[in-house]
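Raw contents of final18.txt, compact mmCIF, C-alpha atoms:
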# COMPACT_ATOMS: atom_id res chain seq x y z
CA MET A 371 14.29 -6.56 27.58
CA ASN A 372 17.23 -4.25 28.09
CA LYS A 373 16.58 -0.57 27.76
CA GLY A 374 19.90 0.51 26.28
CA PRO A 375 20.25 2.74 23.26
CA VAL A 376 20.98 -0.26 21.08
CA SER A 377 17.59 -1.81 21.67
CA ILE A 378 15.95 1.55 21.00
CA LEU A 379 17.80 1.75 17.72
CA ILE A 380 16.73 -1.73 16.82
CA GLN A 381 13.10 -0.98 17.63
CA PHE A 382 13.34 2.15 15.48
CA VAL A 383 14.59 0.24 12.49
CA VAL A 384 12.27 -2.73 12.92
CA LEU A 385 9.12 -0.66 13.24
CA LEU A 386 10.12 1.63 10.39
CA VAL A 387 10.77 -1.29 8.07
CA LEU A 388 7.66 -3.16 9.22
CA GLN A 389 5.53 -0.12 8.54
CA LEU A 390 6.97 0.45 5.10
CA LEU A 391 6.86 -3.09 3.87
CA LEU A 392 3.93 -4.66 5.60
CA PHE A 393 1.47 -2.14 6.88
CA ASN A 394 1.68 0.29 4.02
CA ASN A 395 0.41 -2.48 1.81
CA ILE A 396 -2.62 -3.07 3.95
CA GLN A 397 -5.10 -0.69 2.44
CA PHE A 398 -8.76 -1.27 2.85
CA SER A 399 -11.03 0.88 0.74
CA GLY A 400 -8.82 3.96 0.88
CA PHE A 401 -10.12 5.02 4.28
CA ILE A 402 -8.10 2.80 6.45
CA ASN A 403 -4.38 3.40 6.68
CA PRO A 404 -2.94 1.77 9.75
CA TYR A 405 0.24 3.36 11.04
CA VAL A 406 1.80 0.90 13.37
CA TYR A 407 5.15 2.65 13.73
CA VAL A 408 3.54 4.70 16.52
CA LEU A 409 4.36 1.63 18.59
CA PHE A 410 7.94 2.83 18.56
CA PHE A 411 6.97 5.80 20.73
CA LEU A 412 4.82 3.69 22.97
CA LEU A 413 7.68 1.35 23.79
CA LEU A 414 10.29 3.94 24.73
CA PRO A 415 11.29 3.50 28.36
CA PHE A 416 9.79 5.69 31.11
CA SER A 417 13.23 6.89 32.09
CA ILE A 418 14.26 8.33 28.73
CA SER A 419 14.84 12.08 28.67
CA LYS A 420 11.99 14.19 27.31
CA ALA A 421 14.25 16.10 24.96
CA LEU A 422 15.52 12.88 23.51
CA THR A 423 11.96 11.66 22.92
CA VAL A 424 11.17 14.78 20.95
CA ILE A 425 14.32 14.40 18.90
CA LEU A 426 13.46 10.78 18.21
CA GLY A 427 10.02 11.97 17.24
CA LEU A 428 11.47 14.16 14.56
CA LEU A 429 13.81 11.44 13.34
CA MET A 430 11.19 8.73 13.04
CA GLY A 431 8.73 11.13 11.44
CA LEU A 432 11.23 12.33 8.88
CA ALA A 433 12.29 8.76 8.12
CA ILE A 434 8.74 7.72 7.37
CA ASP A 435 8.24 10.91 5.35
CA LEU A 436 11.34 10.16 3.37
CA PHE A 437 10.18 6.77 2.29
CA MET A 438 6.62 7.74 1.69
CA GLY A 439 7.33 10.95 -0.17
CA THR A 440 5.35 13.14 2.24
CA PRO A 441 7.82 15.73 3.56
CA GLY A 442 6.92 16.85 7.04
CA VAL A 443 3.50 15.26 7.36
CA HIS A 444 4.45 12.39 9.60
CA ALA A 445 7.13 14.44 11.32
CA ALA A 446 4.54 16.97 12.43
CA ALA A 447 2.49 14.19 13.99
CA THR A 448 5.32 12.26 15.59
CA VAL A 449 6.95 15.31 17.13
CA LEU A 450 3.67 16.17 18.79
CA ILE A 451 3.03 12.78 20.29
CA ALA A 452 6.63 12.58 21.45
CA PHE A 453 6.11 15.86 23.25
CA ILE A 454 2.86 14.92 24.92
CA ARG A 455 4.02 11.49 26.01
CA PRO A 456 5.12 12.52 29.48
CA GLY A 457 1.85 14.42 29.85
CA VAL A 458 -0.11 11.32 28.91
CA PHE A 459 1.79 9.33 31.52
CA LYS A 460 0.76 11.81 34.19
CA MET A 461 -2.81 11.67 33.01
CA ILE A 462 -3.26 7.91 33.17
CA ALA A 463 -0.86 7.23 36.02
CA PRO A 464 -1.73 4.32 38.31
CA HIS A 465 -2.20 5.32 41.99
CA ASP A 466 1.32 4.43 43.04
CA GLY A 467 2.89 6.28 40.15
CA TYR A 468 5.47 4.61 37.98
CA ASP A 469 8.37 2.48 39.00
CA ALA A 470 11.42 3.73 37.15
CA ASN A 471 12.57 0.19 36.58
CA THR A 472 9.54 -0.85 34.62
CA LEU A 473 8.73 -0.41 30.97
CA PRO A 474 5.53 0.62 29.25
CA ARG A 475 4.46 -2.92 28.47
CA ILE A 476 1.34 -4.91 29.15
CA SER A 477 3.33 -7.30 31.30
CA TYR A 478 4.39 -4.49 33.62
CA MET A 479 1.50 -2.06 33.52
CA GLY A 480 -1.50 -4.22 32.77
CA LEU A 481 -3.75 -4.36 29.75
CA GLU A 482 -6.12 -1.58 30.78
CA TRP A 483 -3.35 0.97 31.21
CA PHE A 484 -1.76 -0.03 27.93
CA VAL A 485 -5.02 0.21 26.02
CA LYS A 486 -5.68 3.72 27.38
CA TYR A 487 -2.11 4.70 26.53
CA THR A 488 -2.34 3.29 23.00
CA ILE A 489 -5.66 4.85 22.17
CA ILE A 490 -4.65 8.34 23.30
CA MET A 491 -1.34 8.32 21.49
CA VAL A 492 -2.70 6.77 18.32
CA VAL A 493 -5.75 9.02 18.04
CA VAL A 494 -3.77 12.21 18.63
CA HIS A 495 -1.18 11.06 16.12
CA HIS A 496 -3.72 10.17 13.47
CA LEU A 497 -5.66 13.40 14.00
CA VAL A 498 -2.59 15.49 13.38
CA LEU A 499 -1.40 13.26 10.56
CA PHE A 500 -4.55 13.20 8.50
CA TYR A 501 -5.45 16.85 8.98
CA VAL A 502 -1.96 18.06 8.17
CA GLU A 503 -2.00 15.81 5.13
CA VAL A 504 -5.16 17.43 3.89
CA PHE A 505 -4.08 20.81 5.25
CA SER A 506 -7.50 22.29 5.26
CA PHE A 507 -10.73 21.93 7.15
CA SER A 508 -12.80 21.60 4.01
CA HIS A 509 -13.16 17.86 4.14
CA PHE A 510 -13.63 17.86 7.87
CA PHE A 511 -15.87 14.87 8.26
CA HIS A 512 -14.25 12.76 5.59
CA THR A 513 -10.90 13.18 7.26
CA LEU A 514 -12.43 12.58 10.67
CA LEU A 515 -13.77 9.29 9.41
CA LYS A 516 -10.31 8.39 8.14
CA VAL A 517 -8.87 9.24 11.52
CA MET A 518 -11.37 7.09 13.38
CA LEU A 519 -11.14 4.05 11.16
CA SER A 520 -7.39 4.08 10.85
CA SER A 521 -7.05 4.58 14.58
CA VAL A 522 -9.13 1.50 15.23
CA PHE A 523 -6.93 -0.61 13.03
CA SER A 524 -3.67 0.85 14.25
CA CYS A 525 -4.69 0.29 17.87
CA ALA A 526 -5.82 -3.24 17.07
CA PHE A 527 -2.54 -4.13 15.41
CA ILE A 528 -0.48 -2.53 18.14
CA ILE A 529 -2.29 -4.19 21.01
CA LEU A 530 -2.37 -7.56 19.27
CA SER A 531 1.32 -7.33 18.53
CA GLN A 532 2.02 -6.97 22.21
CA PHE A 533 0.68 -10.42 22.80
CA PHE A 534 2.90 -11.96 20.18
CA VAL A 535 6.12 -10.10 20.76
CA PHE A 536 6.47 -9.68 24.48
CA ARG A 537 5.57 -12.69 26.51
CA LYS A 538 6.67 -13.08 30.07
CA MET B 196 21.77 37.00 29.43
CA ARG B 197 21.93 34.45 32.19
CA ASN B 198 18.19 34.67 32.55
CA LEU B 199 17.82 33.80 28.90
CA PHE B 200 20.02 30.75 29.32
CA ARG B 201 18.09 29.69 32.36
CA PHE B 202 14.84 30.14 30.49
CA ILE B 203 16.07 28.06 27.58
CA LEU B 204 17.32 25.35 29.91
CA GLN B 205 14.10 25.20 31.85
CA TYR B 206 11.89 24.95 28.84
CA HIS B 207 14.29 23.20 26.51
CA VAL B 208 11.87 20.43 25.72
CA LEU B 209 9.07 22.80 24.79
CA ILE B 210 11.43 24.90 22.70
CA LEU B 211 12.70 21.86 20.88
CA PHE B 212 9.15 20.76 20.25
CA ILE B 213 8.06 24.11 18.86
CA LEU B 214 11.12 24.32 16.66
CA PHE B 215 10.61 20.86 15.24
CA GLU B 216 6.91 21.33 14.76
CA ILE B 217 7.46 24.57 12.85
CA PHE B 218 10.11 22.83 10.80
CA SER B 219 7.75 19.99 9.89
CA ILE B 220 4.83 22.24 8.99
CA THR B 221 7.18 24.38 6.93
CA LEU B 222 8.23 21.28 5.08
CA VAL B 223 4.64 20.43 4.39
CA VAL B 224 3.74 23.89 3.20
CA THR B 225 6.76 24.77 1.16
CA THR B 226 7.43 21.53 -0.60
CA GLY B 227 7.04 21.96 -4.29
CA SER B 228 6.82 19.01 -6.58
CA PHE B 229 10.59 19.04 -7.09
CA GLN B 230 11.46 18.45 -3.48
CA GLU B 231 8.70 15.97 -3.17
CA ALA B 232 10.12 14.06 -6.09
CA ARG B 233 13.57 14.00 -4.52
CA PHE B 234 12.10 12.89 -1.25
CA TYR B 235 10.22 10.19 -3.02
CA GLN B 236 13.15 8.83 -4.99
CA ALA B 237 14.99 7.78 -1.88
CA GLY B 238 11.97 5.83 -0.81
CA GLN B 239 11.62 4.24 -4.19
CA LYS B 240 14.96 2.53 -3.91
CA LEU B 241 14.03 0.75 -0.76
CA ASN B 242 10.54 0.12 -1.93
CA ASN B 243 11.46 -1.36 -5.26
CA THR B 244 13.51 -4.36 -4.26
CA LEU B 245 11.15 -5.24 -1.50
CA SER B 246 7.97 -4.39 -3.37
CA ASN B 247 9.12 -6.90 -5.94
CA ARG B 248 9.24 -9.59 -3.29
CA ILE B 249 5.78 -8.68 -2.12
CA GLU B 250 4.43 -8.65 -5.64
CA ASN B 251 5.94 -12.07 -6.27
CA THR B 252 4.18 -13.46 -3.24
CA ARG B 253 0.94 -11.84 -4.30
CA ASP B 254 1.32 -13.30 -7.78
CA TYR B 255 1.96 -16.73 -6.37
CA LEU B 256 -1.16 -16.57 -4.26
CA SER B 257 -3.30 -15.77 -7.28
CA LEU B 258 -1.88 -18.46 -9.53
CA TYR B 259 -5.03 -20.53 -9.50
CA LYS B 260 -7.17 -17.70 -10.79
CA GLU B 261 -4.54 -16.75 -13.31
CA ASN B 262 -4.38 -20.29 -14.64
CA LYS B 263 -8.09 -20.42 -15.16
CA ARG B 264 -8.04 -17.10 -16.89
CA LEU B 265 -5.24 -18.17 -19.20
CA ALA B 266 -6.94 -21.43 -20.11
CA THR B 267 -10.09 -19.58 -21.12
CA GLU B 268 -8.05 -17.07 -23.05
CA ASN B 269 -6.17 -19.84 -24.84
CA ASN B 270 -9.38 -21.51 -25.77
CA ARG B 271 -10.75 -18.31 -27.15
CA LEU B 272 -7.65 -17.75 -29.23
CA TYR B 273 -7.55 -21.28 -30.62
CA ASN B 274 -11.11 -20.82 -31.75
CA LEU B 275 -10.18 -17.65 -33.54
CA LEU B 276 -7.36 -19.17 -35.55
CA LYS B 277 -7.82 -18.88 -39.25
CA SER B 278 -7.09 -22.56 -39.60
CA SER B 279 -10.17 -23.32 -37.53
CA TYR B 280 -12.38 -22.07 -40.27
CA LYS B 281 -13.24 -23.64 -43.58
CA ILE B 282 -12.41 -21.12 -46.24
CA SER B 283 -14.34 -21.37 -49.42
CA TYR B 284 -12.07 -20.45 -52.29
CA ILE B 285 -14.72 -18.62 -54.17
CA ASP B 286 -14.70 -15.89 -51.57
CA SER B 287 -11.13 -15.64 -50.37
CA THR B 288 -11.39 -12.85 -47.82
CA PHE B 289 -11.32 -14.27 -44.34
CA ARG B 290 -13.79 -13.06 -41.79
CA GLY B 291 -13.29 -14.58 -38.38
CA ASP B 292 -16.97 -14.71 -37.66
CA THR B 293 -19.70 -17.27 -37.81
CA ALA B 294 -20.29 -16.56 -41.51
CA SER B 295 -17.45 -18.93 -42.40
CA PRO B 296 -18.35 -22.48 -41.44
CA ARG B 297 -16.32 -23.79 -38.54
CA TYR B 298 -13.91 -26.52 -39.36
CA TYR B 299 -12.37 -27.05 -35.94
CA LYS B 300 -13.86 -26.10 -32.63
CA TYR B 301 -11.80 -26.16 -29.42
CA ILE B 302 -13.18 -27.19 -26.09
CA SER B 303 -11.10 -26.36 -23.06
CA ALA B 304 -10.76 -29.00 -20.33
CA LYS B 305 -8.78 -29.84 -17.23
CA VAL B 306 -7.01 -33.13 -16.66
CA ILE B 307 -8.30 -34.75 -13.50
CA ASN B 308 -6.57 -38.10 -13.81
CA ASN B 309 -3.54 -39.26 -15.70
CA SER B 310 -0.96 -42.00 -15.91
CA VAL B 311 2.34 -42.20 -17.68
CA ASN B 312 4.00 -45.31 -16.37
CA LYS B 313 1.60 -48.09 -17.24
CA LYS B 314 1.51 -50.20 -20.35
CA TYR B 315 -1.76 -48.63 -21.43
CA ASN B 316 -2.02 -45.02 -20.32
CA TYR B 317 -5.21 -43.04 -20.15
CA MET B 318 -6.27 -39.68 -18.82
CA THR B 319 -9.59 -38.38 -17.60
CA ILE B 320 -10.73 -34.86 -18.36
CA ASP B 321 -13.60 -32.84 -16.95
CA LYS B 322 -15.71 -32.30 -20.07
CA GLY B 323 -18.13 -34.78 -21.63
CA ARG B 324 -21.07 -35.25 -23.92
CA ASN B 325 -22.81 -32.20 -22.49
CA HIS B 326 -19.91 -30.06 -23.64
CA GLY B 327 -19.83 -31.42 -27.16
CA ILE B 328 -17.21 -34.14 -26.71
CA GLU B 329 -17.49 -37.27 -28.80
CA PRO B 330 -15.27 -40.32 -29.09
CA GLU B 331 -12.23 -40.11 -31.34
CA MET B 332 -11.74 -36.36 -30.96
CA GLY B 333 -8.13 -35.20 -30.75
CA VAL B 334 -6.77 -33.70 -27.55
CA ILE B 335 -3.92 -31.21 -27.42
CA CYS B 336 -2.16 -29.10 -24.85
CA ASP B 337 -0.19 -25.90 -25.36
CA ASP B 338 2.96 -27.86 -26.17
CA GLY B 339 1.51 -30.38 -28.60
CA ILE B 340 -0.85 -33.31 -29.10
CA VAL B 341 -1.54 -35.58 -26.17
CA GLY B 342 -4.17 -38.10 -27.20
CA MET B 343 -7.60 -38.98 -28.46
CA VAL B 344 -10.98 -39.25 -26.73
CA LYS B 345 -11.93 -42.85 -26.10
CA SER B 346 -15.15 -43.03 -24.13
CA VAL B 347 -17.53 -40.31 -23.12
CA SER B 348 -20.02 -39.83 -20.32
CA ASP B 349 -22.23 -36.84 -19.72
CA ASN B 350 -19.64 -34.71 -17.95
CA PHE B 351 -16.34 -36.50 -18.30
CA CYS B 352 -14.42 -38.51 -20.80
CA VAL B 353 -11.48 -40.84 -20.92
CA VAL B 354 -8.72 -39.93 -23.31
CA LEU B 355 -6.40 -42.46 -24.89
CA SER B 356 -3.03 -40.98 -24.09
CA LEU B 357 -0.41 -40.75 -26.78
CA LEU B 358 1.55 -42.98 -24.40
CA ASN B 359 -0.60 -45.92 -25.32
CA PRO B 360 0.22 -48.48 -28.01
CA ARG B 361 -3.40 -48.29 -29.13
CA PHE B 362 -2.92 -44.69 -30.22
CA GLY B 363 -1.60 -43.71 -33.62
CA VAL B 364 -1.44 -40.47 -35.53
CA SER B 365 -0.24 -39.47 -38.95
CA ALA B 366 2.84 -37.29 -38.55
CA LYS B 367 5.15 -35.46 -40.91
CA ILE B 368 8.62 -33.99 -40.84
CA LYS B 369 8.19 -30.24 -40.94
CA SER B 370 11.09 -29.44 -43.24
CA SER B 371 10.57 -32.08 -45.90
CA GLY B 372 6.91 -33.04 -45.59
CA PHE B 373 7.50 -36.78 -45.53
CA TYR B 374 4.85 -38.43 -43.43
CA GLY B 375 4.15 -41.70 -41.72
CA PRO B 376 2.44 -43.29 -38.73
CA LEU B 377 3.62 -42.25 -35.28
CA SER B 378 2.93 -44.35 -32.19
CA TRP B 379 4.28 -45.12 -28.75
CA LYS B 380 6.14 -48.33 -28.25
CA GLU B 381 6.21 -48.57 -24.47
CA THR B 382 9.51 -46.76 -24.27
CA SER B 383 9.98 -43.80 -21.93
CA ALA B 384 7.18 -41.33 -21.25
CA ASP B 385 8.60 -38.84 -23.66
CA LYS B 386 9.53 -40.77 -26.77
CA ALA B 387 7.49 -42.14 -29.68
CA ILE B 388 8.37 -43.82 -32.96
CA LEU B 389 7.69 -42.46 -36.46
CA GLU B 390 7.92 -45.13 -39.15
CA ASP B 391 7.72 -45.59 -42.91
CA ILE B 392 9.78 -42.58 -43.86
CA PRO B 393 11.46 -43.48 -47.18
CA HIS B 394 15.20 -43.88 -47.17
CA HIS B 395 15.77 -41.02 -49.62
CA ALA B 396 14.50 -38.50 -47.12
CA THR B 397 17.09 -36.32 -45.36
CA ILE B 398 16.85 -36.72 -41.62
CA VAL B 399 18.32 -34.03 -39.39
CA MET B 400 18.47 -34.38 -35.61
CA GLY B 401 16.23 -31.90 -33.83
CA ASP B 402 13.87 -31.50 -36.79
CA THR B 403 10.29 -30.76 -35.83
CA ILE B 404 7.62 -33.40 -36.22
CA LEU B 405 4.10 -32.13 -36.74
CA THR B 406 0.70 -33.64 -37.41
CA SER B 407 0.20 -34.14 -41.10
CA GLY B 408 -3.51 -33.39 -41.07
CA TYR B 409 -4.32 -36.64 -42.74
CA GLY B 410 -7.08 -38.41 -40.89
CA SER B 411 -9.81 -36.34 -39.37
CA ILE B 412 -8.62 -36.29 -35.80
CA PHE B 413 -5.89 -33.67 -35.68
CA PRO B 414 -5.62 -30.60 -37.90
CA GLU B 415 -2.41 -30.08 -39.77
CA ASN B 416 0.74 -28.61 -38.27
CA TYR B 417 0.19 -29.37 -34.61
CA MET B 418 3.35 -29.93 -32.62
CA ILE B 419 4.31 -33.50 -31.72
CA GLY B 420 8.00 -33.37 -30.93
CA VAL B 421 11.52 -33.27 -32.32
CA ILE B 422 13.74 -35.94 -33.84
CA SER B 423 16.09 -37.37 -31.25
CA ASN B 424 17.34 -40.47 -33.03
CA PHE B 425 16.86 -42.48 -36.20
CA LYS B 426 17.89 -45.73 -37.82
CA LEU B 427 17.40 -47.33 -41.16
CA LYS B 428 15.25 -50.44 -41.08
CA GLY B 429 15.49 -53.09 -43.69
CA GLY B 430 17.34 -50.73 -46.04
CA ASN B 431 14.15 -49.03 -47.23
CA TYR B 432 12.58 -47.08 -44.42
CA TYR B 433 13.68 -44.99 -41.50
CA GLU B 434 12.49 -45.57 -37.97
CA ILE B 435 12.71 -42.19 -36.22
CA THR B 436 12.62 -41.67 -32.47
CA VAL B 437 10.69 -38.53 -31.64
CA LYS B 438 11.10 -36.72 -28.32
CA LEU B 439 7.59 -35.60 -27.47
CA SER B 440 7.11 -31.94 -26.60
CA PRO B 441 4.28 -32.07 -24.06
CA ASP B 442 5.21 -32.91 -20.47
CA PHE B 443 2.83 -35.82 -19.96
CA GLN B 444 3.52 -36.03 -16.26
CA ARG B 445 2.37 -32.50 -15.60
CA LEU B 446 -0.60 -32.20 -17.90
CA ASN B 447 -3.16 -29.79 -16.61
CA GLN B 448 -5.10 -27.76 -19.15
CA VAL B 449 -5.93 -29.29 -22.53
CA GLN B 450 -8.07 -28.48 -25.54
CA VAL B 451 -10.29 -31.05 -27.29
CA ILE B 452 -10.59 -30.60 -31.03
CA ARG B 453 -13.94 -31.09 -32.59
CA ASN B 454 -13.88 -31.48 -36.34
CA GLU B 455 -17.24 -30.25 -37.59
CA PHE B 456 -16.78 -31.91 -40.95
CA ARG B 457 -15.66 -35.23 -39.58
CA ASN B 458 -18.83 -37.17 -40.25
CA GLU B 459 -18.99 -35.89 -43.77
CA ILE B 460 -15.37 -36.84 -44.50
CA GLU B 461 -15.62 -40.28 -42.99
CA THR B 462 -18.89 -41.18 -44.69
CA LEU B 463 -17.42 -40.02 -47.98
CA GLU B 464 -14.26 -42.07 -47.48
CA GLN B 465 -16.28 -45.09 -46.45
CA THR B 466 -18.53 -44.99 -49.53
CA ALA B 467 -15.48 -44.56 -51.76
CA VAL B 468 -13.93 -47.70 -50.28
CA ASN B 469 -17.14 -49.65 -50.53
CA GLU B 470 -17.84 -48.87 -54.16
Please express the file's structure as structure tokens.
Amino acid sequence: MNKGPVSILIQFVVLLVLQLLLFNNIQFSGFINPYVYVLFFLLLPFSISKALTVILGLLMGLAIDLFMGTPGVHAAATVLIAFIRPGVFKMIAPHDGYDANTLPRISYMGLEWFVKYTIIMVVVHHLVLFYVEVFSFSHFFHTLLKVMLSSVFSCAFIILSQFFVFRK
Amino acid sequence: MRNLFRFILQYHVLILFILFEIFSITLVVTTGSFQEARFYQAGQKLNNTLSNRIENTRDYLSLYKENKRLATENNRLYNLLKSSYKISYIDSTFRGDTASPRYYKYISAKVINNSVNKKYNYMTIDKGRNHGIEPEMGVICDDGIVGMVKSVSDNFCVVLSLLNPRFGVSAKIKSSGFYGPLSWKETSADKAILEDIPHHATIVMGDTILTSGYGSIFPENYMIGVISNFKLKGGNYYEITVKLSPDFQRLNQVQVIRNEFRNEIETLEQTAVNE
């Protein structure tokens, strides 16, 4: 899987479209809104510049906001997870550190690492997303429930997708 | 000044992040309904074409349920028709309730077996004696008449298809009212023959042929088909080829017509003949 800017662009478009058409229509009981486009940030190569990640965060977030009619809500969340991504890498780094030639994929880094990675990124993203959306702490527990349930489904979809899409 | 540049360079990522985050939150906070509407419109365009596709798929997946619902609805509406009630002329206001005696009652059924290419064609439907079906009741579909009940068991019955030389119905030309017997003469699965129309009748291609209501099987004015050909036989009568409206190959939902006054009419006609 080549890491050039073209493939990044393609992943951007694919995940954006997939989210809008497929996952936005999966709504269980109003609590569960899976946001699978977070996968886009998970898949960005290790070697990409941090500034560029943050910029991409803004772009993807604004794109989703544009199509969902929620100005700034997703952008706030995506910018944050783009920013913390390098920090997360440091936190869950395997003992030998990272090999610059590898990619954040199950095939390179193992399932356990990927699951940790996914859960952290998804939960942080959903926390920010749902609380900014509500923009108050009045429905604290209701929103927390939304965060938890949606995170479960988002993580499930993301991890499952890795088995179907990337096979070595 | 140089220190400032160095500071910005060193923390450029953090600065970018803070800038963007403030921008996003500002968007969230300051968006009035106008901006939100503009934001939303762009999304609508993409959503619409593709939402349509998704809706179409969803619709297709729920076809079975929809069919069942429509059949029940049809049945309900047939039963409400004014023509299903016997109107006494003394009291001419129509009330579609059980105060007026029912003339025709419709029983909805599904075709579970059918044939169109044999010499004698029959179909089996999933209602029987337990549902009020008796032999010699007329059977129709949404497009027109399709046959007559032949034999009945508790939960099923066999229907003599219109495509069966043993079936006959009294039919009339809609525009002129001339009537005669209509039956199938082993031609194609969509044509039947209407005979005994007097030669002074005007025949126009494409004219509608309906049930005449004579005979107690089919009520009046039910669709049979349209005129597709005609020829004069023996100088006195027309033989008209009628293209049948129902698609016999794809019959699915039908209604069985129960004439509540049938016994009374037939007994009366029988005694009149016997006297």
| task | Output the contact residues of chain A with respect to chain B at a cut-off of 12 Å, based on all atoms listed in the file, as a ChimeraX atom specification. | result | /A:386-396,419-429,431-456,498-499,501-506
| task | Report the distance between CA of Phe410 (chain A) and CA of Phe484 (chain A) in Å, rounded to one decimal place. | result |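 Computing it gives 13.8 Å between the two atoms.
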| said: Between A:Ile380, A:Ile462, A:Ile402, A:Cys525, which residue has the minimum interatomic distance to Thr488 (chain A), considering all atoms listed in the file? | reply: A:Cys525
| remark: Atom pair CA of Pro415 (chain A) + CA of Val458 (chain A), distance 13.8 Å
| task | For Ile398 (chain B), please output as an NGL selection string all residues within 10 Å (counting all atoms listed in the file; exclusion window: fewer than 3 positions along the same chain). | result | :B and (368 or 370-371 or 392 or 394-395 or 401-402 or 422 or 424-426 or 433 or 435)
Can I get the selected residues back with C-alpha atoms, as an mmCIF file, in the coordinates of the input?
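Okay, this is what ended up in out02.cif:
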data_model
loop_
_atom_site.group_PDB
_atom_site.id
_atom_site.type_symbol
_atom_site.label_atom_id
_atom_site.label_comp_id
_atom_site.auth_asym_id
_atom_site.auth_seq_id
_atom_site.Cartn_x
_atom_site.Cartn_y
_atom_site.Cartn_z
ATOM 1 C CA ILE B 368 8.620 -33.990 -40.840
ATOM 2 C CA SER B 370 11.090 -29.440 -43.240
ATOM 3 C CA SER B 371 10.570 -32.080 -45.900
ATOM 4 C CA ILE B 392 9.780 -42.580 -43.860
ATOM 5 C CA HIS B 394 15.200 -43.880 -47.170
ATOM 6 C CA HIS B 395 15.770 -41.020 -49.620
ATOM 7 C CA GLY B 401 16.230 -31.900 -33.830
ATOM 8 C CA ASP B 402 13.870 -31.500 -36.790
ATOM 9 C CA ILE B 422 13.740 -35.940 -33.840
ATOM 10 C CA ASN B 424 17.340 -40.470 -33.030
ATOM 11 C CA PHE B 425 16.860 -42.480 -36.200
ATOM 12 C CA LYS B 426 17.890 -45.730 -37.820
ATOM 13 C CA TYR B 433 13.680 -44.990 -41.500
ATOM 14 C CA ILE B 435 12.710 -42.190 -36.220
#
| task | Identify which of the residues A:Met430, A:Val535, A:Val493, A:Leu530 lies closest to Met518 (chain A), counting only C-alpha atoms when measuring atom-to-atom distances. | result | A:Val493
| field | Interatomic distance (Å, one decimal) between CA of Ile490 (chain A) and CA of Ile203 (chain B) | value |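 These two atoms are separated by 28.9 Å.
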| task | Mind checking which residues fall within 6 Å of region 347-357 of chain B, counting only C-alpha atoms, ignoring those fewer than 6 positions away in the same chain, and posting them as JSON, numbers by chain? | result | {"B": [316, 317, 318, 319, 320, 321, 322, 323, 324, 325, 341]}
| remark: Judged by all atoms listed in the file, the minimum distance to Glu482 (chain A) among A:Tyr405, A:Ala470, A:Ser377, A:Ile529 is found for A:Ile529
